[in-house]
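Here's work-v2.cif, which has mmCIF, C-alpha atoms; chains and numbers go by the auth columns:
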data_upload
#
loop_
_atom_site.group_PDB
_atom_site.id
_atom_site.type_symbol
_atom_site.label_atom_id
_atom_site.label_comp_id
_atom_site.label_asym_id
_atom_site.label_seq_id
_atom_site.Cartn_x
_atom_site.Cartn_y
_atom_site.Cartn_z
_atom_site.B_iso_or_equiv
_atom_site.auth_seq_id
_atom_site.auth_asym_id
ATOM 1 C CA MET A 1 0.000 0.000 0.000 0.00 1 A
ATOM 2 C CA ALA A 2 1.308 3.430 -0.887 0.00 2 A
ATOM 3 C CA VAL A 3 2.620 5.526 1.965 0.00 3 A
ATOM 4 C CA ARG A 4 1.687 9.194 1.911 0.00 4 A
ATOM 5 C CA VAL A 5 4.164 11.239 3.931 0.00 5 A
ATOM 6 C CA PRO A 6 2.469 14.159 5.735 0.00 6 A
ATOM 7 C CA ILE A 7 3.771 17.594 4.731 0.00 7 A
ATOM 8 C CA LEU A 8 3.106 20.167 7.463 0.00 8 A
ATOM 9 C CA ARG A 9 3.316 23.939 7.278 0.00 9 A
ATOM 10 C CA GLN A 10 5.104 25.944 9.901 0.00 10 A
ATOM 11 C CA GLY A 11 5.186 29.600 8.989 0.00 11 A
ATOM 12 C CA SER A 12 6.951 29.862 5.674 0.00 12 A
ATOM 13 C CA HIS A 13 8.490 26.416 6.077 0.00 13 A
ATOM 14 C CA LEU A 14 7.328 22.963 5.090 0.00 14 A
ATOM 15 C CA ILE A 15 8.122 19.939 7.196 0.00 15 A
ATOM 16 C CA ALA A 16 7.879 16.448 5.719 0.00 16 A
ATOM 17 C CA SER A 17 8.148 13.905 8.461 0.00 17 A
ATOM 18 C CA ILE A 18 8.704 10.387 7.174 0.00 18 A
ATOM 19 C CA GLN A 19 7.076 7.914 9.573 0.00 19 A
ATOM 20 C CA GLU A 20 7.802 4.536 8.003 0.00 20 A
ATOM 21 C CA GLU A 21 9.847 2.758 5.360 0.00 21 A
ATOM 22 C CA LEU A 22 9.196 4.080 1.863 0.00 22 A
ATOM 23 C CA THR A 23 9.245 2.296 -1.460 0.00 23 A
ATOM 24 C CA ASP A 24 10.883 3.980 -4.438 0.00 24 A
ATOM 25 C CA SER A 25 7.421 5.032 -5.692 0.00 25 A
ATOM 26 C CA ASP A 26 6.592 6.524 -2.292 0.00 26 A
ATOM 27 C CA ILE A 27 9.805 8.587 -2.404 0.00 27 A
ATOM 28 C CA LEU A 28 9.032 9.811 -5.931 0.00 28 A
ATOM 29 C CA ASN A 29 5.527 10.700 -4.808 0.00 29 A
ATOM 30 C CA LEU A 30 6.983 12.685 -1.908 0.00 30 A
ATOM 31 C CA GLN A 31 9.296 14.485 -4.337 0.00 31 A
ATOM 32 C CA THR A 32 6.393 15.611 -6.510 0.00 32 A
ATOM 33 C CA ARG A 33 4.282 16.708 -3.560 0.00 33 A
ATOM 34 C CA ILE A 34 7.065 18.680 -1.900 0.00 34 A
ATOM 35 C CA LEU A 35 7.783 20.596 -5.109 0.00 35 A
ATOM 36 C CA ASP A 36 4.058 21.270 -5.612 0.00 36 A
ATOM 37 C CA GLU A 37 3.706 22.506 -2.038 0.00 37 A
ATOM 38 C CA VAL A 38 6.786 24.742 -2.254 0.00 38 A
ATOM 39 C CA VAL A 39 5.218 26.507 -5.229 0.00 39 A
ATOM 40 C CA LYS A 40 1.677 26.580 -3.864 0.00 40 A
ATOM 41 C CA ARG A 41 2.659 27.826 -0.383 0.00 41 A
ATOM 42 C CA GLN A 42 5.569 29.945 -1.556 0.00 42 A
ATOM 43 C CA ALA A 43 7.655 28.236 1.082 0.00 43 A
ATOM 44 C CA ASP A 44 11.183 29.480 1.664 0.00 44 A
ATOM 45 C CA GLY A 45 12.388 26.424 3.529 0.00 45 A
ATOM 46 C CA VAL A 46 11.817 22.666 3.576 0.00 46 A
ATOM 47 C CA ILE A 47 12.792 20.152 6.233 0.00 47 A
ATOM 48 C CA ILE A 48 12.681 16.436 5.566 0.00 48 A
ATOM 49 C CA ASP A 49 12.851 14.304 8.694 0.00 49 A
ATOM 50 C CA VAL A 50 14.267 10.887 7.783 0.00 50 A
ATOM 51 C CA GLY A 51 14.663 9.661 11.365 0.00 51 A
ATOM 52 C CA ALA A 52 12.274 6.752 10.800 0.00 52 A
ATOM 53 C CA LEU A 53 14.228 5.371 7.850 0.00 53 A
ATOM 54 C CA ASP A 54 16.316 2.267 8.547 0.00 54 A
ATOM 55 C CA VAL A 55 17.830 2.314 5.078 0.00 55 A
ATOM 56 C CA ILE A 56 18.824 5.190 2.824 0.00 56 A
ATOM 57 C CA ASP A 57 20.371 3.548 -0.204 0.00 57 A
ATOM 58 C CA SER A 58 21.572 4.925 -3.542 0.00 58 A
ATOM 59 C CA PHE A 59 18.065 5.586 -4.836 0.00 59 A
ATOM 60 C CA GLY A 60 16.957 7.326 -1.657 0.00 60 A
ATOM 61 C CA THR A 61 20.091 9.460 -1.533 0.00 61 A
ATOM 62 C CA ARG A 62 19.819 10.462 -5.164 0.00 62 A
ATOM 63 C CA THR A 63 16.164 11.400 -4.816 0.00 63 A
ATOM 64 C CA LEU A 64 16.771 13.446 -1.662 0.00 64 A
ATOM 65 C CA ALA A 65 19.572 15.317 -3.459 0.00 65 A
ATOM 66 C CA GLU A 66 17.262 15.920 -6.430 0.00 66 A
ATOM 67 C CA ILE A 67 14.492 17.275 -4.210 0.00 67 A
ATOM 68 C CA ALA A 68 16.989 19.626 -2.540 0.00 68 A
ATOM 69 C CA ALA A 69 18.327 20.831 -5.882 0.00 69 A
ATOM 70 C CA ALA A 70 14.836 21.543 -7.219 0.00 70 A
ATOM 71 C CA VAL A 71 13.795 23.272 -3.992 0.00 71 A
ATOM 72 C CA GLN A 72 16.922 25.447 -4.189 0.00 72 A
ATOM 73 C CA LEU A 73 16.115 26.400 -7.764 0.00 73 A
ATOM 74 C CA ARG A 74 12.834 27.744 -6.429 0.00 74 A
ATOM 75 C CA GLY A 75 14.841 30.005 -4.142 0.00 75 A
ATOM 76 C CA ALA A 76 14.047 27.987 -1.045 0.00 76 A
ATOM 77 C CA LYS A 77 16.358 26.032 1.188 0.00 77 A
ATOM 78 C CA MET A 78 16.187 22.392 2.194 0.00 78 A
ATOM 79 C CA VAL A 79 17.560 20.653 5.248 0.00 79 A
ATOM 80 C CA ILE A 80 17.550 16.930 5.994 0.00 80 A
ATOM 81 C CA VAL A 81 17.302 16.008 9.653 0.00 81 A
ATOM 82 C CA GLY A 82 17.494 12.866 11.755 0.00 82 A
ATOM 83 C CA ILE A 83 19.702 10.519 9.738 0.00 83 A
ATOM 84 C CA GLN A 84 20.319 7.571 12.071 0.00 84 A
ATOM 85 C CA PRO A 85 23.997 6.909 12.864 0.00 85 A
ATOM 86 C CA GLU A 86 23.932 3.390 11.360 0.00 86 A
ATOM 87 C CA VAL A 87 22.255 4.726 8.251 0.00 87 A
ATOM 88 C CA ALA A 88 24.866 7.476 7.950 0.00 88 A
ATOM 89 C CA LEU A 89 27.629 4.888 8.239 0.00 89 A
ATOM 90 C CA SER A 90 26.159 2.653 5.539 0.00 90 A
ATOM 91 C CA MET A 91 25.741 5.639 3.232 0.00 91 A
ATOM 92 C CA VAL A 92 29.395 6.571 3.628 0.00 92 A
ATOM 93 C CA LEU A 93 30.605 3.001 3.116 0.00 93 A
ATOM 94 C CA LEU A 94 28.390 2.640 0.067 0.00 94 A
ATOM 95 C CA GLY A 95 30.022 5.769 -1.354 0.00 95 A
ATOM 96 C CA LEU A 96 26.995 8.016 -0.964 0.00 96 A
ATOM 97 C CA THR A 97 27.213 11.560 0.306 0.00 97 A
ATOM 98 C CA LEU A 98 24.732 14.403 0.487 0.00 98 A
ATOM 99 C CA ASP A 99 27.336 17.139 -0.027 0.00 99 A
ATOM 100 C CA SER A 100 24.894 19.586 -1.558 0.00 100 A
ATOM 101 C CA VAL A 101 22.266 19.275 1.167 0.00 101 A
ATOM 102 C CA PRO A 102 22.657 20.581 4.726 0.00 102 A
ATOM 103 C CA THR A 103 21.965 17.864 7.276 0.00 103 A
ATOM 104 C CA MET A 104 21.190 18.482 10.921 0.00 104 A
ATOM 105 C CA LEU A 105 20.778 16.325 13.983 0.00 105 A
ATOM 106 C CA ASP A 106 17.077 16.853 14.601 0.00 106 A
ATOM 107 C CA LEU A 107 14.020 18.908 13.773 0.00 107 A
ATOM 108 C CA ASP A 108 14.885 21.728 16.199 0.00 108 A
ATOM 109 C CA ALA A 109 18.342 22.104 14.686 0.00 109 A
ATOM 110 C CA GLY A 110 16.819 22.017 11.207 0.00 110 A
ATOM 111 C CA ILE A 111 14.370 24.802 12.043 0.00 111 A
ATOM 112 C CA ALA A 112 17.182 26.848 13.595 0.00 112 A
ATOM 113 C CA GLU A 113 19.261 26.334 10.454 0.00 113 A
ATOM 114 C CA LEU A 114 16.463 27.594 8.202 0.00 114 A
ATOM 115 C CA LYS A 115 15.781 30.587 10.453 0.00 115 A
ATOM 116 C CA GLY A 116 19.469 31.420 10.662 0.00 116 A
ATOM 117 C CA SER A 117 19.910 31.369 6.911 0.00 117 A
ATOM 118 C CA ALA A 118 16.903 33.659 6.413 0.00 118 A
ATOM 119 C CA GLN A 119 18.528 36.502 8.306 0.00 119 A
ATOM 120 C CA MET B 1 27.720 -26.135 23.061 0.00 1 F
ATOM 121 C CA LYS B 2 24.426 -24.352 23.379 0.00 2 F
ATOM 122 C CA ARG B 3 23.350 -22.476 20.324 0.00 3 F
ATOM 123 C CA ALA B 4 20.537 -20.049 19.847 0.00 4 F
ATOM 124 C CA ALA B 5 17.778 -21.142 17.529 0.00 5 F
ATOM 125 C CA ILE B 6 18.569 -19.928 14.047 0.00 6 F
ATOM 126 C CA ALA B 7 15.906 -18.847 11.633 0.00 7 F
ATOM 127 C CA GLU B 8 15.149 -20.924 8.595 0.00 8 F
ATOM 128 C CA VAL B 9 15.694 -20.009 4.989 0.00 9 F
ATOM 129 C CA GLN B 10 13.654 -16.967 4.011 0.00 10 F
ATOM 130 C CA GLN B 11 12.672 -16.062 0.492 0.00 11 F
ATOM 131 C CA VAL B 12 11.001 -13.071 -1.137 0.00 12 F
ATOM 132 C CA ASN B 13 9.780 -12.964 -4.706 0.00 13 F
ATOM 133 C CA VAL B 14 10.741 -9.611 -6.167 0.00 14 F
ATOM 134 C CA GLN B 15 8.834 -7.892 -8.925 0.00 15 F
ATOM 135 C CA HIS B 16 7.721 -4.505 -7.569 0.00 16 F
ATOM 136 C CA ASP B 17 9.387 -1.867 -5.426 0.00 17 F
ATOM 137 C CA GLY B 18 7.322 -2.896 -2.410 0.00 18 F
ATOM 138 C CA ASP B 19 9.098 -6.263 -2.565 0.00 19 F
ATOM 139 C CA VAL B 20 12.442 -4.463 -2.219 0.00 20 F
ATOM 140 C CA VAL B 21 11.318 -3.025 1.121 0.00 21 F
ATOM 141 C CA LEU B 22 10.037 -6.438 2.203 0.00 22 F
ATOM 142 C CA ALA B 23 13.344 -8.125 1.303 0.00 23 F
ATOM 143 C CA ARG B 24 15.514 -5.626 3.151 0.00 24 F
ATOM 144 C CA GLN B 25 13.268 -5.716 6.228 0.00 25 F
ATOM 145 C CA MET B 26 13.550 -9.505 6.239 0.00 26 F
ATOM 146 C CA GLY B 27 17.336 -9.235 6.020 0.00 27 F
ATOM 147 C CA ARG B 28 17.472 -6.728 8.858 0.00 28 F
ATOM 148 C CA GLN B 29 15.272 -8.948 11.012 0.00 29 F
ATOM 149 C CA MET B 30 17.436 -12.001 10.388 0.00 30 F
ATOM 150 C CA ALA B 31 20.563 -9.968 11.167 0.00 31 F
ATOM 151 C CA MET B 32 18.945 -8.754 14.381 0.00 32 F
ATOM 152 C CA ASP B 33 17.914 -12.291 15.349 0.00 33 F
ATOM 153 C CA LEU B 34 21.485 -13.474 14.796 0.00 34 F
ATOM 154 C CA GLY B 35 22.872 -10.738 17.014 0.00 35 F
ATOM 155 C CA PHE B 36 24.520 -8.549 14.377 0.00 36 F
ATOM 156 C CA SER B 37 25.347 -5.001 15.516 0.00 37 F
ATOM 157 C CA LYS B 38 22.970 -2.220 14.528 0.00 38 F
ATOM 158 C CA ALA B 39 25.561 -0.944 12.069 0.00 39 F
ATOM 159 C CA ASP B 40 25.824 -4.352 10.416 0.00 40 F
ATOM 160 C CA GLN B 41 22.042 -4.719 10.357 0.00 41 F
ATOM 161 C CA ALA B 42 21.895 -1.481 8.394 0.00 42 F
ATOM 162 C CA LEU B 43 24.647 -2.627 6.025 0.00 43 F
ATOM 163 C CA ILE B 44 22.891 -5.932 5.334 0.00 44 F
ATOM 164 C CA ALA B 45 19.565 -4.181 4.745 0.00 45 F
ATOM 165 C CA THR B 46 21.229 -1.654 2.460 0.00 46 F
ATOM 166 C CA ALA B 47 23.046 -4.321 0.443 0.00 47 F
ATOM 167 C CA ILE B 48 19.819 -6.264 -0.050 0.00 48 F
ATOM 168 C CA SER B 49 18.005 -3.068 -1.015 0.00 49 F
ATOM 169 C CA GLU B 50 20.564 -2.251 -3.714 0.00 50 F
ATOM 170 C CA LEU B 51 20.546 -5.752 -5.188 0.00 51 F
ATOM 171 C CA ALA B 52 16.780 -6.241 -5.032 0.00 52 F
ATOM 172 C CA ARG B 53 16.219 -2.884 -6.718 0.00 53 F
ATOM 173 C CA ASN B 54 18.316 -4.049 -9.656 0.00 54 F
ATOM 174 C CA ILE B 55 15.763 -6.834 -10.172 0.00 55 F
ATOM 175 C CA VAL B 56 12.902 -4.337 -10.317 0.00 56 F
ATOM 176 C CA ASN B 57 14.830 -1.926 -12.559 0.00 57 F
ATOM 177 C CA TYR B 58 16.540 -4.267 -14.971 0.00 58 F
ATOM 178 C CA ALA B 59 14.884 -7.690 -14.896 0.00 59 F
ATOM 179 C CA THR B 60 11.414 -9.174 -15.180 0.00 60 F
ATOM 180 C CA HIS B 61 11.311 -10.816 -11.807 0.00 61 F
ATOM 181 C CA GLY B 62 13.567 -12.532 -9.347 0.00 62 F
ATOM 182 C CA THR B 63 14.081 -13.738 -5.829 0.00 63 F
ATOM 183 C CA VAL B 64 16.006 -12.797 -2.717 0.00 64 F
ATOM 184 C CA GLU B 65 16.818 -15.821 -0.609 0.00 65 F
ATOM 185 C CA MET B 66 18.672 -15.652 2.676 0.00 66 F
ATOM 186 C CA HIS B 67 19.757 -17.985 5.409 0.00 67 F
ATOM 187 C CA PRO B 68 22.098 -17.990 8.381 0.00 68 F
ATOM 188 C CA ILE B 69 25.429 -19.768 7.966 0.00 69 F
ATOM 189 C CA THR B 70 28.025 -20.858 10.432 0.00 70 F
ATOM 190 C CA ASN B 71 31.585 -22.033 10.192 0.00 71 F
ATOM 191 C CA SER B 72 33.834 -23.187 13.011 0.00 72 F
ATOM 192 C CA ARG B 73 34.300 -19.626 14.243 0.00 73 F
ATOM 193 C CA ASP B 74 31.545 -17.340 13.110 0.00 74 F
ATOM 194 C CA THR B 75 27.906 -16.770 12.255 0.00 75 F
ATOM 195 C CA GLY B 76 26.880 -14.992 9.115 0.00 76 F
ATOM 196 C CA ILE B 77 24.114 -14.292 6.675 0.00 77 F
ATOM 197 C CA HIS B 78 24.179 -15.740 3.192 0.00 78 F
ATOM 198 C CA VAL B 79 22.013 -13.971 0.613 0.00 79 F
ATOM 199 C CA VAL B 80 21.369 -15.006 -2.969 0.00 80 F
ATOM 200 C CA VAL B 81 19.722 -12.473 -5.271 0.00 81 F
ATOM 201 C CA SER B 82 18.819 -13.903 -8.633 0.00 82 F
ATOM 202 C CA ASP B 83 16.741 -12.644 -11.499 0.00 83 F
ATOM 203 C CA VAL B 84 15.330 -13.631 -14.839 0.00 84 F
ATOM 204 C CA GLY B 85 16.207 -10.872 -17.240 0.00 85 F
ATOM 205 C CA PRO B 86 18.696 -9.562 -19.778 0.00 86 F
ATOM 206 C CA GLY B 87 21.742 -10.375 -17.686 0.00 87 F
ATOM 207 C CA ILE B 88 24.917 -8.305 -17.685 0.00 88 F
ATOM 208 C CA ASP B 89 27.122 -8.253 -20.786 0.00 89 F
ATOM 209 C CA ASP B 90 30.231 -6.853 -19.170 0.00 90 F
ATOM 210 C CA ILE B 91 30.460 -7.715 -15.486 0.00 91 F
ATOM 211 C CA GLU B 92 33.812 -5.995 -15.089 0.00 92 F
ATOM 212 C CA ALA B 93 32.331 -2.708 -16.300 0.00 93 F
ATOM 213 C CA ALA B 94 29.228 -3.145 -14.151 0.00 94 F
ATOM 214 C CA MET B 95 31.447 -3.549 -11.091 0.00 95 F
ATOM 215 C CA ALA B 96 33.275 -0.263 -11.739 0.00 96 F
ATOM 216 C CA ASP B 97 32.276 2.797 -9.688 0.00 97 F
ATOM 217 C CA GLY B 98 30.152 5.185 -11.703 0.00 98 F
ATOM 218 C CA PHE B 99 29.069 2.689 -14.358 0.00 99 F
ATOM 219 C CA SER B 100 25.345 2.630 -15.020 0.00 100 F
ATOM 220 C CA THR B 101 23.141 1.678 -17.934 0.00 101 F
ATOM 221 C CA GLY B 102 20.090 2.970 -16.115 0.00 102 F
ATOM 222 C CA ARG B 103 19.161 6.113 -14.304 0.00 103 F
ATOM 223 C CA SER B 104 21.353 5.672 -11.259 0.00 104 F
ATOM 224 C CA LEU B 105 24.550 6.729 -9.583 0.00 105 F
ATOM 225 C CA GLY B 106 26.287 3.549 -10.688 0.00 106 F
ATOM 226 C CA LEU B 107 27.266 2.787 -7.115 0.00 107 F
ATOM 227 C CA GLY B 108 24.909 -0.126 -6.552 0.00 108 F
ATOM 228 C CA LEU B 109 27.123 -3.097 -7.350 0.00 109 F
ATOM 229 C CA PRO B 110 30.584 -1.792 -6.394 0.00 110 F
ATOM 230 C CA GLY B 111 29.100 -0.080 -3.322 0.00 111 F
ATOM 231 C CA THR B 112 27.375 -3.267 -2.248 0.00 112 F
ATOM 232 C CA LYS B 113 30.595 -5.228 -2.682 0.00 113 F
ATOM 233 C CA ARG B 114 32.330 -2.780 -0.348 0.00 114 F
ATOM 234 C CA ILE B 115 29.841 -3.278 2.486 0.00 115 F
ATOM 235 C CA VAL B 116 29.766 -7.091 2.536 0.00 116 F
ATOM 236 C CA ASP B 117 32.473 -9.674 3.261 0.00 117 F
ATOM 237 C CA GLU B 118 31.977 -11.931 0.252 0.00 118 F
ATOM 238 C CA PHE B 119 30.514 -11.018 -3.106 0.00 119 F
ATOM 239 C CA ASP B 120 30.086 -13.199 -6.162 0.00 120 F
ATOM 240 C CA ILE B 121 28.333 -12.291 -9.385 0.00 121 F
ATOM 241 C CA GLN B 122 27.415 -14.654 -12.206 0.00 122 F
ATOM 242 C CA SER B 123 25.499 -13.744 -15.315 0.00 123 F
ATOM 243 C CA THR B 124 24.462 -15.344 -18.539 0.00 124 F
ATOM 244 C CA PRO B 125 23.469 -12.638 -21.019 0.00 125 F
ATOM 245 C CA GLY B 126 19.845 -13.137 -22.023 0.00 126 F
ATOM 246 C CA GLU B 127 19.065 -15.266 -18.989 0.00 127 F
ATOM 247 C CA GLY B 128 19.718 -13.375 -15.810 0.00 128 F
ATOM 248 C CA VAL B 129 22.025 -12.478 -12.967 0.00 129 F
ATOM 249 C CA THR B 130 22.811 -14.278 -9.727 0.00 130 F
ATOM 250 C CA ILE B 131 24.615 -12.415 -6.981 0.00 131 F
ATOM 251 C CA THR B 132 25.672 -14.093 -3.760 0.00 132 F
ATOM 252 C CA ILE B 133 26.780 -12.109 -0.742 0.00 133 F
ATOM 253 C CA VAL B 134 27.881 -13.078 2.739 0.00 134 F
ATOM 254 C CA LYS B 135 28.233 -10.872 5.772 0.00 135 F
ATOM 255 C CA TRP B 136 29.949 -12.297 8.852 0.00 136 F
ATOM 256 C CA LYS B 137 29.178 -11.171 12.338 0.00 137 F
ATOM 257 C CA LEU B 138 32.075 -9.397 14.007 0.00 138 F
ATOM 258 C CA ARG B 139 32.937 -10.981 17.296 0.00 139 F
#
What's the structure tokens form of this structure?
Amino acid sequence: MAVRVPILRQGSHLIASIQEELTDSDILNLQTRILDEVVKRQADGVIIDVGALDVIDSFGTRTLAEIAAAVQLRGAKMVIVGIQPEVALSMVLLGLTLDSVPTMLDLDAGIAELKGSAQ
Amino acid sequence: MKRAAIAEVQQVNVQHDGDVVLARQMGRQMAMDLGFSKADQALIATAISELARNIVNYATHGTVEMHPITNSRDTGIHVVVSDVGPGIDDIEAAMADGFSTGRSLGLGLPGTKRIVDEFDIQSTPGEGVTITIVKWKLR
């Protein structure tokens, strides 16, 4: 069954909080919805919370980087928060990095990062 | 010597992307049951995810089959990922970082090889691919 990740609004920011494992189609669906919402809400910042993900493999990493790149082209900023330590380690060993996307420890740090960059 | 009960052979038929999630969750669970560290559980799940996705992306259908193995010293997980599909013409090229015939980073196969202890790939062009990986538990 398809998983629909909730996208919440907080001021001028959008927060997508992933709650369970996503299939590739679910991630692509999230990509489309985030970009739609950024335009519709004129958001200037997006936070994706990936804390619930046990695996972020090459497809997941690539799609997250693509979402960030598209969000940035809209003049908004994206932050990824909550990457689990084991997940971070597997990403590094697999050869995956998210160089172009700021990553923060948790949601609070992510919100602070977006607020800081707006000043 | 007393030994913990070890799970049986597990198999997932893979055709859709939902099956990829199922296969990697099964691998993580088996790794957890066998007492692998959290880091190794994540590596096993990630390796299975990469290999199972190749079935969905490049082949018609396939299977992921896993079972615990033991030798005189260690416990490990043995995973066979096989598909029915076009196969790989040039395995050496496919194992090189950055090589991809599809829309990907080209890190799937070489990356997966880096995060497991044993990696074997066999392919007959026109028939399919069989990849066998083993991850041993660090003591």
Could you write out as a PyMOL selection string the residues that the PyMOL selection byres ((chain A) within 7 of (chain F)) matches in the shown file? chain A and resi 23-24+54-55+57-58+86-87+90+93-95
List as number ranges by chain the protein and nucleic acid residues near A:Asp44, meaning an atom at most 9 Å away when only C-alpha atoms are counted, but skip any in the same chain fewer than 5 places from it. A: 12-14, 38, 71, 74-78, 114, 118
Please, what is the axis-aligned box for every listed atom of stretch 5-20 of chain A with 3 Å on each side, as centre and edge lengths in Å to one decimal, as lines of an AutoDock Vina configuration file?
center_x = 5.6
center_y = 17.2
center_z = 6.9
size_x = 12.2
size_y = 31.3
size_z = 12.0
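Nearest to F:Gln10 of all the residues F:Met66, F:Asp33, F:Gly87, F:Asn57 is F:Met66, counting all atoms listed in the file.
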Given the choices A:Lys115, A:Arg4, A:Arg62, A:Arg41, which gets closest to A:Glu21 if the distance is worked out from all atoms listed in the file?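 With all atoms listed in the file as the atom set, the closest residue is A:Arg4.
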Between atom CA of F:His78 and atom CA of F:Leu138, distance in Å (one decimal):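 Computing the Euclidean distance for atom CA of F:His78 and atom CA of F:Leu138 yields 14.8 Å.
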Point-to-point distance in Å for atom CA of A:Val5 and atom CA of A:Leu89: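 Going from atom CA of A:Leu89 over to atom CA of A:Val5, I get 24.7 Å.
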Just to confirm, what's the straight-line distance from atom CA of A:Val79 to atom CA of A:Lys40 in Å (one decimal)? 19.2 Å
Using only C-alpha atoms, what residues lie at most 8 Å away from (23.8, -9.9, -12.1) (file coordinates), given as a PyMOL selection string? chain F and resi 82-83+87-88+91+121-123+128-131
Starting from the PyMOL selection byres ((chain A and resi 46) around 12), expand the selection into actual residues of this file and give them as a PyMOL selection string. chain A and resi 7-17+31+33-35+37-39+41-45+47-49+64+67-72+74-81+101-103+107+110-111+113-115
Please write the residues picked by the PyMOL selection byres ((chain F and resi 76) around 7) on this file as JSON, numbers by chain. {"F": [68, 69, 70, 74, 75, 77, 78, 134, 135, 136, 137]}
Find, counting all atoms listed in the file, the residue in A:Val50, A:Ala109, A:Ile18, A:Ile56 that gets nearest to A:Val92. A:Ile56
Counting only C-alpha atoms, which residue out of F:Val64, F:Val56, F:Leu34, F:Val116 sits closest to F:Val81? F:Val64
Give me stretch 45-62 of chain F with N, CA and C atoms filled in, as an mmCIF file, in the frame of the given file.
data_model
loop_
_atom_site.group_PDB
_atom_site.id
_atom_site.type_symbol
_atom_site.label_atom_id
_atom_site.label_comp_id
_atom_site.auth_asym_id
_atom_site.auth_seq_id
_atom_site.Cartn_x
_atom_site.Cartn_y
_atom_site.Cartn_z
ATOM 1 N N ALA F 45 20.812 -4.674 5.342
ATOM 2 C CA ALA F 45 19.565 -4.181 4.745
ATOM 3 C C ALA F 45 19.847 -3.333 3.507
ATOM 4 N N THR F 46 20.894 -2.517 3.591
ATOM 5 C CA THR F 46 21.229 -1.654 2.460
ATOM 6 C C THR F 46 21.712 -2.472 1.264
ATOM 7 N N ALA F 47 22.544 -3.472 1.533
ATOM 8 C CA ALA F 47 23.046 -4.321 0.443
ATOM 9 C C ALA F 47 21.888 -5.024 -0.263
ATOM 10 N N ILE F 48 20.969 -5.568 0.539
ATOM 11 C CA ILE F 48 19.819 -6.264 -0.050
ATOM 12 C C ILE F 48 18.961 -5.281 -0.845
ATOM 13 N N SER F 49 18.806 -4.076 -0.322
ATOM 14 C CA SER F 49 18.005 -3.068 -1.015
ATOM 15 C C SER F 49 18.592 -2.752 -2.389
ATOM 16 N N GLU F 50 19.909 -2.560 -2.434
ATOM 17 C CA GLU F 50 20.564 -2.251 -3.714
ATOM 18 C C GLU F 50 20.371 -3.383 -4.720
ATOM 19 N N LEU F 51 20.594 -4.617 -4.260
ATOM 20 C CA LEU F 51 20.546 -5.752 -5.188
ATOM 21 C C LEU F 51 19.117 -6.055 -5.622
ATOM 22 N N ALA F 52 18.175 -5.943 -4.687
ATOM 23 C CA ALA F 52 16.780 -6.241 -5.032
ATOM 24 C C ALA F 52 16.232 -5.175 -5.987
ATOM 25 N N ARG F 53 16.683 -3.931 -5.809
ATOM 26 C CA ARG F 53 16.219 -2.884 -6.718
ATOM 27 C C ARG F 53 16.661 -3.166 -8.149
ATOM 28 N N ASN F 54 17.854 -3.722 -8.304
ATOM 29 C CA ASN F 54 18.316 -4.049 -9.656
ATOM 30 C C ASN F 54 17.355 -5.005 -10.353
ATOM 31 N N ILE F 55 16.744 -5.909 -9.575
ATOM 32 C CA ILE F 55 15.763 -6.834 -10.172
ATOM 33 C C ILE F 55 14.600 -6.032 -10.736
ATOM 34 N N VAL F 56 14.066 -5.126 -9.903
ATOM 35 C CA VAL F 56 12.902 -4.337 -10.317
ATOM 36 C C VAL F 56 13.249 -3.455 -11.521
ATOM 37 N N ASN F 57 14.451 -2.871 -11.499
ATOM 38 C CA ASN F 57 14.830 -1.926 -12.559
ATOM 39 C C ASN F 57 15.239 -2.592 -13.864
ATOM 40 N N TYR F 58 15.911 -3.724 -13.766
ATOM 41 C CA TYR F 58 16.540 -4.267 -14.971
ATOM 42 C C TYR F 58 15.989 -5.619 -15.423
ATOM 43 N N ALA F 59 15.316 -6.344 -14.532
ATOM 44 C CA ALA F 59 14.884 -7.690 -14.896
ATOM 45 C C ALA F 59 13.364 -7.799 -14.852
ATOM 46 N N THR F 60 12.853 -8.949 -15.208
ATOM 47 C CA THR F 60 11.414 -9.174 -15.180
ATOM 48 C C THR F 60 10.956 -9.487 -13.761
ATOM 49 N N HIS F 61 11.623 -10.454 -13.188
ATOM 50 C CA HIS F 61 11.311 -10.816 -11.807
ATOM 51 C C HIS F 61 12.493 -11.585 -11.249
ATOM 52 N N GLY F 62 12.457 -11.814 -9.964
ATOM 53 C CA GLY F 62 13.567 -12.532 -9.347
ATOM 54 C C GLY F 62 13.261 -12.875 -7.911
#
